[in-house]
>>> print(open('final07.txt').read())   # compact mmCIF, C-alpha atoms
# COMPACT_ATOMS: atom_id res chain seq x y z
CA MET A 266 8.37 5.89 5.33
CA VAL A 267 7.28 9.14 3.70
CA GLU A 268 9.70 8.57 0.84
CA SER A 269 8.45 5.00 0.38
CA VAL A 270 4.80 6.06 0.34
CA ASP A 271 5.59 8.89 -2.07
CA ARG A 272 7.35 6.49 -4.42
CA SER A 273 4.51 3.96 -4.26
CA VAL A 274 1.79 6.53 -4.89
CA GLY A 275 3.86 7.86 -7.79
CA ARG A 276 3.99 4.40 -9.37
CA VAL A 277 0.19 4.06 -9.10
CA MET A 278 -0.35 7.51 -10.62
CA GLN A 279 2.10 6.80 -13.43
CA LYS A 280 0.38 3.54 -14.34
CA LEU A 281 -3.07 5.16 -14.30
CA ASP A 282 -1.71 7.82 -16.64
CA GLU A 283 -0.16 5.21 -18.96
CA LEU A 284 -3.52 3.40 -19.14
CA ASP A 285 -5.37 6.70 -19.73
CA LEU A 286 -7.42 6.12 -16.56
CA LEU A 287 -6.61 9.23 -14.52
CA LYS A 288 -9.80 11.06 -15.52
CA LYS A 289 -11.83 7.98 -14.70
CA THR A 290 -10.27 7.43 -11.26
CA ILE A 291 -10.92 9.19 -7.97
CA ILE A 292 -7.96 8.98 -5.60
CA ILE A 293 -8.34 9.65 -1.87
CA PHE A 294 -5.19 10.04 0.21
CA THR A 295 -5.49 10.45 3.98
CA SER A 296 -4.38 9.11 7.36
CA ASP A 297 -6.14 7.39 10.25
CA ASN A 298 -4.58 9.37 13.12
CA GLY A 299 -2.04 11.98 14.13
CA GLY A 300 1.70 11.75 14.66
CA LEU A 301 3.61 9.26 16.81
CA SER A 302 5.42 11.80 18.99
CA THR A 303 3.17 11.02 21.98
CA LEU A 304 4.07 7.33 22.36
CA GLN A 305 5.17 6.44 25.90
CA ARG A 306 5.70 3.43 28.19
CA ASN A 307 9.07 2.44 26.76
CA LEU A 308 7.74 2.60 23.21
CA ARG A 309 9.94 4.50 20.81
CA SER A 310 8.31 7.83 20.02
CA GLY A 311 8.28 8.89 16.40
CA PRO A 312 9.37 12.23 14.94
CA ALA A 313 5.90 13.14 13.66
CA SER A 314 5.01 16.15 15.81
CA CYS A 315 1.54 17.62 15.30
CA LEU A 316 2.31 21.08 16.71
CA PRO A 317 0.59 23.48 17.05
CA LEU A 318 -2.15 20.88 17.50
CA ARG A 319 -2.26 19.25 20.94
CA ALA A 320 -1.06 15.66 21.55
CA GLY A 321 -0.91 13.02 18.80
CA LYS A 322 -1.72 9.39 18.01
CA GLY A 323 -4.07 7.77 20.51
CA TRP A 324 -5.57 11.03 21.82
CA LEU A 325 -8.86 12.77 21.06
CA TYR A 326 -7.20 16.17 21.07
CA GLU A 327 -6.76 17.62 17.57
CA GLY A 328 -3.23 16.28 17.26
CA GLY A 329 -4.63 12.77 17.42
CA ILE A 330 -7.61 13.06 15.10
CA ARG A 331 -7.08 15.97 12.69
CA VAL A 332 -5.27 14.82 9.55
CA PRO A 333 -5.08 16.16 6.00
CA THR A 334 -6.99 14.62 3.12
CA ILE A 335 -6.15 14.96 -0.57
CA ILE A 336 -8.72 13.99 -3.20
CA SER A 337 -7.78 13.89 -6.87
CA TRP A 338 -10.20 13.46 -9.76
CA PRO A 339 -9.14 15.42 -12.86
CA GLY A 340 -12.02 17.16 -14.58
CA ARG A 341 -14.42 16.55 -11.68
CA ILE A 342 -12.86 18.53 -8.81
CA ILE A 343 -12.03 22.24 -9.01
CA PRO A 344 -8.24 22.30 -9.59
CA GLY A 345 -6.24 23.59 -6.62
CA SER A 346 -9.33 23.97 -4.45
CA VAL A 347 -9.03 23.80 -0.67
CA SER A 348 -11.80 23.11 1.84
CA ASP A 349 -11.82 23.49 5.61
CA ILE A 350 -15.06 21.50 6.04
CA PRO A 351 -14.46 18.76 8.66
CA ILE A 352 -14.92 15.26 7.23
CA THR A 353 -14.20 11.72 8.46
CA THR A 354 -13.11 8.49 6.81
CA CYS A 355 -16.71 7.30 7.31
CA ASP A 356 -17.51 9.61 4.39
CA VAL A 357 -15.36 7.70 1.90
CA TYR A 358 -17.79 4.81 1.35
CA PRO A 359 -20.95 6.84 0.54
CA THR A 360 -18.83 9.16 -1.63
CA LEU A 361 -17.48 6.30 -3.72
CA LEU A 362 -20.96 4.82 -4.10
CA LYS A 363 -22.23 8.17 -5.38
CA VAL A 364 -19.44 8.91 -7.85
CA ALA A 365 -19.56 5.33 -9.17
CA GLY A 366 -23.27 5.73 -9.91
CA LEU A 367 -24.27 3.07 -7.38
CA LYS A 368 -27.21 3.17 -4.99
CA SER A 369 -26.67 4.60 -1.52
CA LYS A 370 -26.70 2.01 1.27
CA THR A 371 -27.59 4.17 4.24
CA LYS A 372 -27.74 1.29 6.74
CA GLN A 373 -24.08 0.58 5.99
CA HIS A 374 -22.82 4.14 6.44
CA LEU A 375 -24.91 5.74 9.17
CA ASP A 376 -22.19 8.24 10.09
CA GLY A 377 -20.96 9.01 6.58
CA LEU A 378 -21.90 11.68 4.03
CA ASP A 379 -21.39 11.91 0.28
CA LEU A 380 -18.56 14.43 -0.17
CA SER A 381 -19.11 15.07 -3.88
CA PRO A 382 -20.84 18.46 -3.32
CA ILE A 383 -17.50 19.75 -1.97
CA PHE A 384 -15.88 18.88 -5.32
CA LYS A 385 -17.93 21.67 -6.93
CA GLY A 386 -17.41 24.18 -4.14
CA SER A 387 -20.70 23.54 -2.33
CA LYS A 388 -21.24 22.97 1.38
CA LEU A 389 -22.20 19.81 3.25
CA GLN A 390 -25.19 19.62 5.56
CA ASP A 391 -24.35 20.60 9.12
CA ARG A 392 -23.66 17.64 11.38
CA PRO A 393 -21.81 16.77 14.58
CA LEU A 394 -18.78 14.46 14.44
CA PHE A 395 -18.12 11.84 17.12
CA TRP A 396 -15.14 9.83 18.39
CA HIS A 397 -15.10 7.03 20.97
CA PHE A 398 -11.84 5.75 22.48
CA PRO A 399 -12.89 3.70 25.55
CA HIS A 400 -9.50 2.26 26.48
CA TYR A 401 -5.92 3.11 27.37
CA HIS A 402 -3.20 3.59 24.75
CA GLY A 403 0.58 3.56 24.63
CA SER A 404 0.48 7.31 24.01
CA GLY A 405 -0.64 7.92 27.60
CA ASN A 406 -4.22 8.66 26.60
CA ARG A 407 -7.06 7.73 28.95
CA PRO A 408 -10.50 6.32 28.01
CA SER A 409 -12.51 9.12 26.45
CA SER A 410 -15.17 10.21 23.96
CA SER A 411 -15.58 13.39 22.00
CA ILE A 412 -18.00 15.41 19.91
CA ARG A 413 -17.36 18.29 17.53
CA LYS A 414 -20.28 20.50 16.54
CA GLY A 415 -19.49 23.58 14.49
CA SER A 416 -16.33 25.06 15.96
CA TYR A 417 -16.96 23.67 19.45
CA LYS A 418 -15.50 20.40 20.68
CA LEU A 419 -16.12 18.52 23.93
CA ILE A 420 -13.99 15.72 25.35
CA ARG A 421 -15.29 13.43 28.11
CA TRP A 422 -12.88 11.51 30.34
CA TYR A 423 -14.20 8.27 31.81
CA GLU A 424 -11.82 7.94 34.76
CA ASP A 425 -13.42 10.83 36.60
CA GLY A 426 -16.33 11.91 34.37
CA SER A 427 -14.78 15.32 33.73
CA GLU A 428 -15.36 17.18 30.47
CA GLU A 429 -13.37 19.78 28.54
CA LEU A 430 -14.79 22.27 26.03
CA TYR A 431 -12.86 24.12 23.33
CA ASP A 432 -13.66 26.59 20.56
CA LEU A 433 -11.45 25.39 17.71
CA SER A 434 -12.05 28.53 15.65
CA LYS A 435 -10.07 30.49 18.24
CA ASP A 436 -8.04 27.77 19.94
CA ASP A 437 -6.99 24.88 17.70
CA SER A 438 -4.19 24.08 20.18
CA GLU A 439 -6.88 23.36 22.80
CA LYS A 440 -5.23 25.34 25.58
CA ASN A 441 -8.29 27.19 26.88
CA ASP A 442 -10.91 24.92 28.48
CA LEU A 443 -14.29 26.71 28.30
CA SER A 444 -16.31 24.15 30.26
CA GLU A 445 -16.79 26.49 33.24
CA GLU A 446 -16.96 29.69 31.22
CA ASN A 447 -19.64 28.33 28.87
CA PRO A 448 -21.63 25.70 30.82
CA GLU A 449 -24.62 25.91 28.45
CA LYS A 450 -22.57 24.78 25.46
CA ARG A 451 -20.89 22.08 27.54
CA VAL A 452 -24.26 20.64 28.60
CA GLU A 453 -25.58 20.84 25.03
CA LEU A 454 -22.66 18.89 23.57
CA SER A 455 -22.50 16.50 26.52
CA ASP A 456 -26.16 15.56 26.09
CA GLU A 457 -25.72 15.07 22.35
CA LEU A 458 -22.64 12.92 22.90
CA SER A 459 -24.51 10.75 25.43
CA THR A 460 -27.41 10.31 22.99
CA TRP A 461 -25.05 9.22 20.21
CA LEU A 462 -23.16 6.79 22.47
CA LYS A 463 -26.45 5.16 23.49
CA SER A 464 -27.87 5.00 19.97
CA SER A 465 -24.69 3.48 18.55
CA GLY A 466 -24.40 0.83 21.27
CA ALA A 467 -20.95 2.06 22.24
CA LYS A 468 -19.21 0.14 25.02
CA ILE A 469 -18.62 2.40 28.02
CA PRO A 470 -15.71 1.60 30.38
CA VAL A 471 -16.57 1.03 34.05
CA LEU A 472 -14.46 1.16 37.18
CA ASN A 473 -12.74 -2.12 38.07
CA LYS A 474 -13.84 -2.57 41.68
CA ASP A 475 -11.29 -5.35 42.20
CA ASN A 476 -8.42 -2.94 41.61
>>> encode(input="final07.txt", output="structure tokens")
Amino acid sequence: MVESVDRSVGRVMQKLDELDLLKKTIIIFTSDNGGLSTLQRNLRSGPASCLPLRAGKGWLYEGGIRVPTIISWPGRIIPGSVSDIPITTCDVYPTLLKVAGLKSKTKQHLDGLDLSPIFKGSKLQDRPLFWHFPHYHGSGNRPSSSIRKGSYKLIRWYEDGSEELYDLSKDDSEKNDLSEENPEKRVELSDELSTWLKSSGAKIPVLNKDN
């Protein structure tokens, strides 16, 4: 699959070059989730391990949601530049509107930011990032939600209401749960996650009393 994607992207890049369109084209290459190595329940697990990140596809641990992104736009992005600013695919739409010279449509991209400041080495405004996964998955994951704010990340599990807290700047493998050690930060992120879930109209799983 990697070879096939590589070949296909190469054909697109070659044609853009032939048509002298490379400098007029922004190309964004990313993924929607982590590796398939966590698949269970008689599903064939894939070879895509996310180590040292924890878990993989279907989970809200970093192995399931942290993926690389490559953005190419010759003459507009600092060549060879690397950024560790967390972004999401929700940012793609407002970014494309901006670079195409079109008006922003904020009601259509409430969670997204224009990424073009990063192209020149600037920072983005500080913001929390949210994920909501209110169902079971073939990876073994359980219904959950998550928030990342700065280097801290909280995961909430709906089966028992428990929450885990991690400092990704020191523990990107998410091995050291800080929820008891740092209850103030846990409460802060938990309250902010609850506010976002309510404001977005997210569906929250409930216990099946007939089970």
>>> closest_residue(input="final07.txt", among="A:Gly299, A:Gly345, A:Pro393, A:Gly366", to="Pro333 (chain A)", atoms="all atoms listed in the file")
A:Gly299
>>> closest_residue(input="final07.txt", among="A:Cys355, A:Leu325, A:Val267, A:Ala365", to="Thr290 (chain A)", atoms="all atoms listed in the file")
A:Ala365
>>> atom_distance(input="final07.txt", atom1="CA of Thr303 (chain A)", atom2="CA of Gly321 (chain A)")
5.5 Å
>>> closest_residue(input="final07.txt", among="A:His374, A:Lys414, A:Lys385, A:Lys463", to="Ser346 (chain A)", atoms="only C-alpha atoms")
A:Lys385
>>> closest_residue(input="final07.txt", among="A:Ile412, A:Leu287, A:Ile469, A:Val452", to="Gly340 (chain A)", atoms="only C-alpha atoms")
A:Leu287
>>> residues_around(input="final07.txt", residues="Thr295 (chain A)", least_positions_apart="5", cutoff="12 Å", atoms="only C-alpha atoms", output="PDB file with C-alpha atoms, in the frame of the given file")
ATOM      1  CA  VAL A 270       4.800   6.060   0.340  1.00  0.00           C
ATOM      2  CA  ILE A 330      -7.610  13.060  15.100  1.00  0.00           C
ATOM      3  CA  ARG A 331      -7.080  15.970  12.690  1.00  0.00           C
ATOM      4  CA  VAL A 332      -5.270  14.820   9.550  1.00  0.00           C
ATOM      5  CA  PRO A 333      -5.080  16.160   6.000  1.00  0.00           C
ATOM      6  CA  THR A 334      -6.990  14.620   3.120  1.00  0.00           C
ATOM      7  CA  ILE A 335      -6.150  14.960  -0.570  1.00  0.00           C
ATOM      8  CA  ILE A 336      -8.720  13.990  -3.200  1.00  0.00           C
ATOM      9  CA  SER A 337      -7.780  13.890  -6.870  1.00  0.00           C
ATOM     10  CA  ILE A 352     -14.920  15.260   7.230  1.00  0.00           C
ATOM     11  CA  THR A 353     -14.200  11.720   8.460  1.00  0.00           C
ATOM     12  CA  THR A 354     -13.110   8.490   6.810  1.00  0.00           C
ATOM     13  CA  VAL A 357     -15.360   7.700   1.900  1.00  0.00           C
TER      14      VAL A 357
END
